[in-house]
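Quick notes on the structure that follows.
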Amino acid sequence: MNKNERCLAILDLIQRYRRVDVKDLARQFGASEMTIRRDLNFLAQQYNITRTHGGALMVNQTVVRMTSFDEKRISNKASKERIAAMAASLIRGGQRIFIDAGSTTRIMLNYLDKGLRAVIVTNHLKVAEEALQYDNVSVIMLGGEMIRITNCSSGPVAEEQIRKYQLDTAFIGAAAIGTDGRLYDGYSPEARFKSSLFSVAKRVYLLADSTKFNTYDLNGFASLSQVDGVITDQDLDEEGNNLLKKYNTRVIFA
């Protein structure tokens, strides 16, 4: 992996999780801590990112300066809101739901019916915290190793626990959707965990704005042919539409 590819992956993690840690990044990318610090210093010069003693955090939601290697990856907040609202409208009372740690899936919590009776299972601290505001929703937070970068539990314990549940619907995100029809995540423990959801959920919906299509990240975890539907925005281009048709994937435009 060259510097641009590594910086792109690090930027994606910062945008998704707001904060990263040098030691965790060094382990993930197989690079020295000094190399990671140089990468973070470079990114801090380009974006609204503040260097901290042990890592970096993003100051604002939006990035103010773009470079060619990640221009398509900048988050589209309005599209994410519409996609999240559409996904929330698919939930019915009495269902057992999994919501993962994607930037769009987390927004779903803002659009749930206030009187909803359901069970929400998650491996993300923020999702669990926000789900607790709904009085009639039971919240199950999975155990396992907590990953500082993502605030998620993952690893063998989390994977073993999720396999014990039978879910009606899982809502997941992806860092990228390749032209090969594969779904990708930038962090390998999350990718492994996401792949386990397909064996326990009756339906799996992928929430992905149009900028995620025809891009790649580090770890593939599933195929478009495995999901029951993709919820995306109206800006999806012809290439993206053709990809969904190729894999006979149901698409829901928000």
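Chain labels follow the order of the structure tokens: the first chain is A, the next B, and so on; residue numbering restarts at 1 in every chain, and ligands are counted from 1 in their shown order.
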
Show me a table, sorted first by chain and then by increasing residue number, of the residues of range 108-137 of chain A having an atom at most 12 Å from range 197-208 of chain A, each with its shortest atom pair and the distance in Å to one decimal, counting only C-alpha atoms and written as a Markdown table.
```
| residue | atom | partner | partner_atom | distance |
| --- | --- | --- | --- | --- |
| A:Met108 | CA | A:Leu207 | CA | 10.2 |
| A:Val121 | CA | A:Leu197 | CA | 11.3 |
| A:Thr122 | CA | A:Leu197 | CA | 11.1 |
| A:Asn123 | CA | A:Leu197 | CA | 11.6 |
```

For the selection you just gave me, I'd like the residues written to a file as a PDB file, in the first residue's frame, keeping N, CA and C atoms.
```
ATOM      1  N   MET A 108     -30.041   6.497  11.432  1.00  0.00           N
ATOM      2  CA  MET A 108     -31.368   5.893  11.497  1.00  0.00           C
ATOM      3  C   MET A 108     -32.049   6.135  12.830  1.00  0.00           C
ATOM      4  N   VAL A 121     -30.221  -4.757  18.249  1.00  0.00           N
ATOM      5  CA  VAL A 121     -28.926  -5.344  18.580  1.00  0.00           C
ATOM      6  C   VAL A 121     -27.856  -4.541  17.854  1.00  0.00           C
ATOM      7  N   THR A 122     -26.759  -4.260  18.528  1.00  0.00           N
ATOM      8  CA  THR A 122     -25.689  -3.485  17.896  1.00  0.00           C
ATOM      9  C   THR A 122     -24.355  -3.839  18.523  1.00  0.00           C
ATOM     10  N   ASN A 123     -23.300  -3.513  17.833  1.00  0.00           N
ATOM     11  CA  ASN A 123     -21.956  -3.654  18.391  1.00  0.00           C
ATOM     12  C   ASN A 123     -21.287  -2.296  18.540  1.00  0.00           C
TER      13      ASN A 123
END
```

| request: Determine, counting only C-alpha atoms, which protein, DNA and RNA residues have an atom within 9 Å of an atom of Lys212 in chain A; residues of the same chain fewer than 3 positions away are not included. Present the result as a PyMOL selection string. | output: chain A and resi 72-73+174-178+208-209+215-216

| Those in range 85-244 of chain A with strand (DSSP E) from DSSP, as a ChimeraX atom specification | /A:96-99,118-122,137-141,145-147,152-154,167-173,176-177,182-185,201-207,219-223,229-232

Would you mind exporting the chosen residues as a compact mmCIF listing (two decimals), in the first residue's frame, restricted to N, CA and C atoms?
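Ended up saving to selection.txt:
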```
# COMPACT_ATOMS: atom_id res chain seq x y z
N ARG A 96 -36.81 -7.78 15.39
CA ARG A 96 -35.47 -7.85 15.97
C ARG A 96 -34.50 -7.30 14.92
N ILE A 97 -33.87 -6.20 15.23
CA ILE A 97 -33.11 -5.41 14.26
C ILE A 97 -31.65 -5.35 14.67
N PHE A 98 -30.76 -5.43 13.69
CA PHE A 98 -29.36 -5.11 13.93
C PHE A 98 -29.02 -3.83 13.20
N ILE A 99 -28.34 -2.91 13.88
CA ILE A 99 -27.87 -1.66 13.27
C ILE A 99 -26.37 -1.58 13.51
N ALA A 118 -39.51 -2.71 19.63
CA ALA A 118 -38.60 -3.55 18.85
C ALA A 118 -37.39 -3.91 19.72
N VAL A 119 -36.59 -4.82 19.21
CA VAL A 119 -35.31 -5.15 19.82
C VAL A 119 -34.22 -4.69 18.87
N ILE A 120 -33.31 -3.88 19.36
CA ILE A 120 -32.18 -3.42 18.55
C ILE A 120 -30.90 -4.03 19.10
N VAL A 121 -30.22 -4.76 18.25
CA VAL A 121 -28.93 -5.34 18.58
C VAL A 121 -27.86 -4.54 17.85
N THR A 122 -26.76 -4.26 18.53
CA THR A 122 -25.69 -3.49 17.90
C THR A 122 -24.36 -3.84 18.52
N VAL A 137 -38.07 0.23 23.23
CA VAL A 137 -37.06 -0.52 22.48
C VAL A 137 -36.11 -1.20 23.46
N SER A 138 -35.95 -2.51 23.31
CA SER A 138 -34.96 -3.24 24.08
C SER A 138 -33.63 -3.18 23.33
N VAL A 139 -32.57 -2.90 24.04
CA VAL A 139 -31.26 -2.71 23.42
C VAL A 139 -30.30 -3.79 23.89
N ILE A 140 -29.67 -4.45 22.94
CA ILE A 140 -28.66 -5.47 23.24
C ILE A 140 -27.33 -5.00 22.66
N MET A 141 -26.37 -4.79 23.55
CA MET A 141 -25.03 -4.39 23.14
C MET A 141 -24.12 -5.62 23.18
N GLU A 145 -13.99 -7.53 22.12
CA GLU A 145 -12.94 -6.53 22.24
C GLU A 145 -13.42 -5.19 21.68
N MET A 146 -13.29 -4.14 22.49
CA MET A 146 -13.67 -2.81 22.03
C MET A 146 -12.50 -2.21 21.25
N ILE A 147 -12.81 -1.78 20.03
CA ILE A 147 -11.79 -1.19 19.16
C ILE A 147 -11.84 0.33 19.32
N CYS A 152 -16.46 0.16 18.50
CA CYS A 152 -17.25 -1.05 18.26
C CYS A 152 -16.64 -2.24 18.98
N SER A 153 -17.48 -3.18 19.35
CA SER A 153 -16.99 -4.48 19.79
C SER A 153 -16.88 -5.37 18.57
N SER A 154 -15.81 -6.12 18.50
CA SER A 154 -15.61 -7.03 17.37
C SER A 154 -14.73 -8.17 17.83
N LEU A 167 -32.31 -12.66 13.69
CA LEU A 167 -32.71 -11.28 13.44
C LEU A 167 -33.66 -11.21 12.26
N ASP A 168 -34.60 -10.27 12.34
CA ASP A 168 -35.48 -10.03 11.19
C ASP A 168 -34.73 -9.27 10.10
N THR A 169 -34.07 -8.18 10.50
CA THR A 169 -33.40 -7.33 9.51
C THR A 169 -32.10 -6.79 10.08
N ALA A 170 -31.07 -6.77 9.25
CA ALA A 170 -29.81 -6.11 9.60
C ALA A 170 -29.59 -4.95 8.64
N PHE A 171 -29.25 -3.80 9.19
CA PHE A 171 -28.92 -2.62 8.39
C PHE A 171 -27.42 -2.38 8.53
N ILE A 172 -26.72 -2.41 7.41
CA ILE A 172 -25.27 -2.29 7.44
C ILE A 172 -24.80 -1.21 6.48
N GLY A 173 -23.59 -0.75 6.70
CA GLY A 173 -22.94 0.17 5.79
C GLY A 173 -21.72 -0.49 5.18
N ALA A 176 -16.97 0.94 0.81
CA ALA A 176 -16.85 0.99 -0.65
C ALA A 176 -17.60 -0.17 -1.28
N ILE A 177 -18.03 0.04 -2.54
CA ILE A 177 -18.67 -1.00 -3.33
C ILE A 177 -17.92 -1.07 -4.65
N ARG A 182 -18.26 -6.47 -4.91
CA ARG A 182 -17.91 -6.75 -3.52
C ARG A 182 -18.13 -5.52 -2.65
N LEU A 183 -18.50 -5.78 -1.39
CA LEU A 183 -18.63 -4.73 -0.38
C LEU A 183 -17.35 -4.73 0.44
N TYR A 184 -16.85 -3.52 0.74
CA TYR A 184 -15.57 -3.40 1.42
C TYR A 184 -15.68 -2.56 2.68
N ASP A 185 -14.80 -2.87 3.64
CA ASP A 185 -14.67 -2.07 4.85
C ASP A 185 -13.19 -1.79 5.06
N ALA A 201 -29.50 -13.03 9.89
CA ALA A 201 -30.57 -12.08 9.57
C ALA A 201 -31.39 -12.58 8.39
N LYS A 202 -32.73 -12.49 8.51
CA LYS A 202 -33.59 -12.87 7.39
C LYS A 202 -33.40 -11.94 6.21
N ARG A 203 -33.16 -10.67 6.50
CA ARG A 203 -32.95 -9.66 5.46
C ARG A 203 -31.76 -8.79 5.84
N VAL A 204 -30.97 -8.43 4.86
CA VAL A 204 -29.85 -7.51 5.07
C VAL A 204 -29.97 -6.38 4.07
N TYR A 205 -30.07 -5.15 4.59
CA TYR A 205 -30.12 -3.96 3.73
C TYR A 205 -28.80 -3.22 3.84
N LEU A 206 -28.27 -2.83 2.70
CA LEU A 206 -27.05 -2.03 2.65
C LEU A 206 -27.42 -0.57 2.45
N LEU A 207 -26.94 0.30 3.33
CA LEU A 207 -27.14 1.74 3.22
C LEU A 207 -25.86 2.35 2.66
N ASN A 219 -10.76 -4.39 2.85
CA ASN A 219 -11.25 -5.71 3.22
C ASN A 219 -12.64 -5.99 2.65
N GLY A 220 -12.74 -6.95 1.76
CA GLY A 220 -14.04 -7.37 1.25
C GLY A 220 -14.75 -8.25 2.27
N PHE A 221 -16.08 -8.09 2.38
CA PHE A 221 -16.79 -8.92 3.36
C PHE A 221 -18.07 -9.54 2.82
N ALA A 222 -18.55 -9.15 1.67
CA ALA A 222 -19.78 -9.71 1.11
C ALA A 222 -19.91 -9.28 -0.34
N SER A 223 -20.93 -9.82 -1.00
CA SER A 223 -21.22 -9.46 -2.39
C SER A 223 -22.59 -8.80 -2.47
N GLY A 229 -31.39 -5.71 -0.36
CA GLY A 229 -31.69 -4.42 -0.96
C GLY A 229 -30.61 -3.41 -0.66
N VAL A 230 -30.42 -2.48 -1.57
CA VAL A 230 -29.49 -1.37 -1.39
C VAL A 230 -30.29 -0.08 -1.34
N ILE A 231 -30.11 0.69 -0.29
CA ILE A 231 -30.78 1.98 -0.15
C ILE A 231 -29.74 3.05 -0.47
N THR A 232 -30.00 3.83 -1.52
CA THR A 232 -29.02 4.81 -1.97
C THR A 232 -29.74 6.07 -2.42
```

So that each row is one residue of range 55-167 of chain A with an atom at most 12 Å from range 23-39 of chain A, can you give its shortest atom pair and the distance in Å to one decimal, using only C-alpha atoms, rows by chain and rising number, as JSON lines?
```
{"residue": "A:Gly55", "atom": "CA", "partner": "A:Arg37", "partner_atom": "CA", "distance": 7.6}
{"residue": "A:Ala56", "atom": "CA", "partner": "A:Arg37", "partner_atom": "CA", "distance": 9.2}
{"residue": "A:Met146", "atom": "CA", "partner": "A:Asp24", "partner_atom": "CA", "distance": 11.8}
{"residue": "A:Ile147", "atom": "CA", "partner": "A:Asp24", "partner_atom": "CA", "distance": 8.5}
{"residue": "A:Arg148", "atom": "CA", "partner": "A:Asp24", "partner_atom": "CA", "distance": 7.6}
{"residue": "A:Ile149", "atom": "CA", "partner": "A:Asp24", "partner_atom": "CA", "distance": 7.1}
{"residue": "A:Thr150", "atom": "CA", "partner": "A:Asp24", "partner_atom": "CA", "distance": 10.3}
```

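CA of Gly240 in chain A is positioned 18.7 Å from CA of Thr104 in chain A.
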
| request: Report the residues of range 209-242 of chain A whose backbone DSSP state falls under helix (DSSP H, G or I), written as an MDAnalysis selection string. | output: chainID A and resid 210:212 224:226 238:242

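Distances from A:Phe253, A:Gln95, A:Gly186, A:Asn41 to His53 in chain A were compared using only C-alpha atoms, and the smallest one belongs to A:Asn41.
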
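CA of Thr105 in chain A lies 16.8 Å from CA of Leu142 in chain A.
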
| field | Pick from A:Arg16, A:Lys3, A:Arg92, A:Arg192 nearest to Leu40 in chain A, counting only C-alpha atoms | value | A:Lys3

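CA of Arg19 in chain A lies 9.4 Å from CA of Thr50 in chain A.
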
| Selected residue, from A:Leu13, A:Leu109, A:Leu224, A:Val22, that lies nearest to Ala85 in chain A when counting only C-alpha atoms | A:Leu109

| field | Given only C-alpha atoms as the counted atoms, nearest of A:Tyr134, A:Tyr111, A:Phe42, A:Tyr165 to Ser196 in chain A | value |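 Closest residue, counting only C-alpha atoms: A:Tyr165.
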
| query | Which neighbours of Ala9 in chain A fall inside 9 Å, counting only C-alpha atoms, when residues of the same chain fewer than 3 positions from it are skipped, and could you give them as a count of residues only? | reply | 10
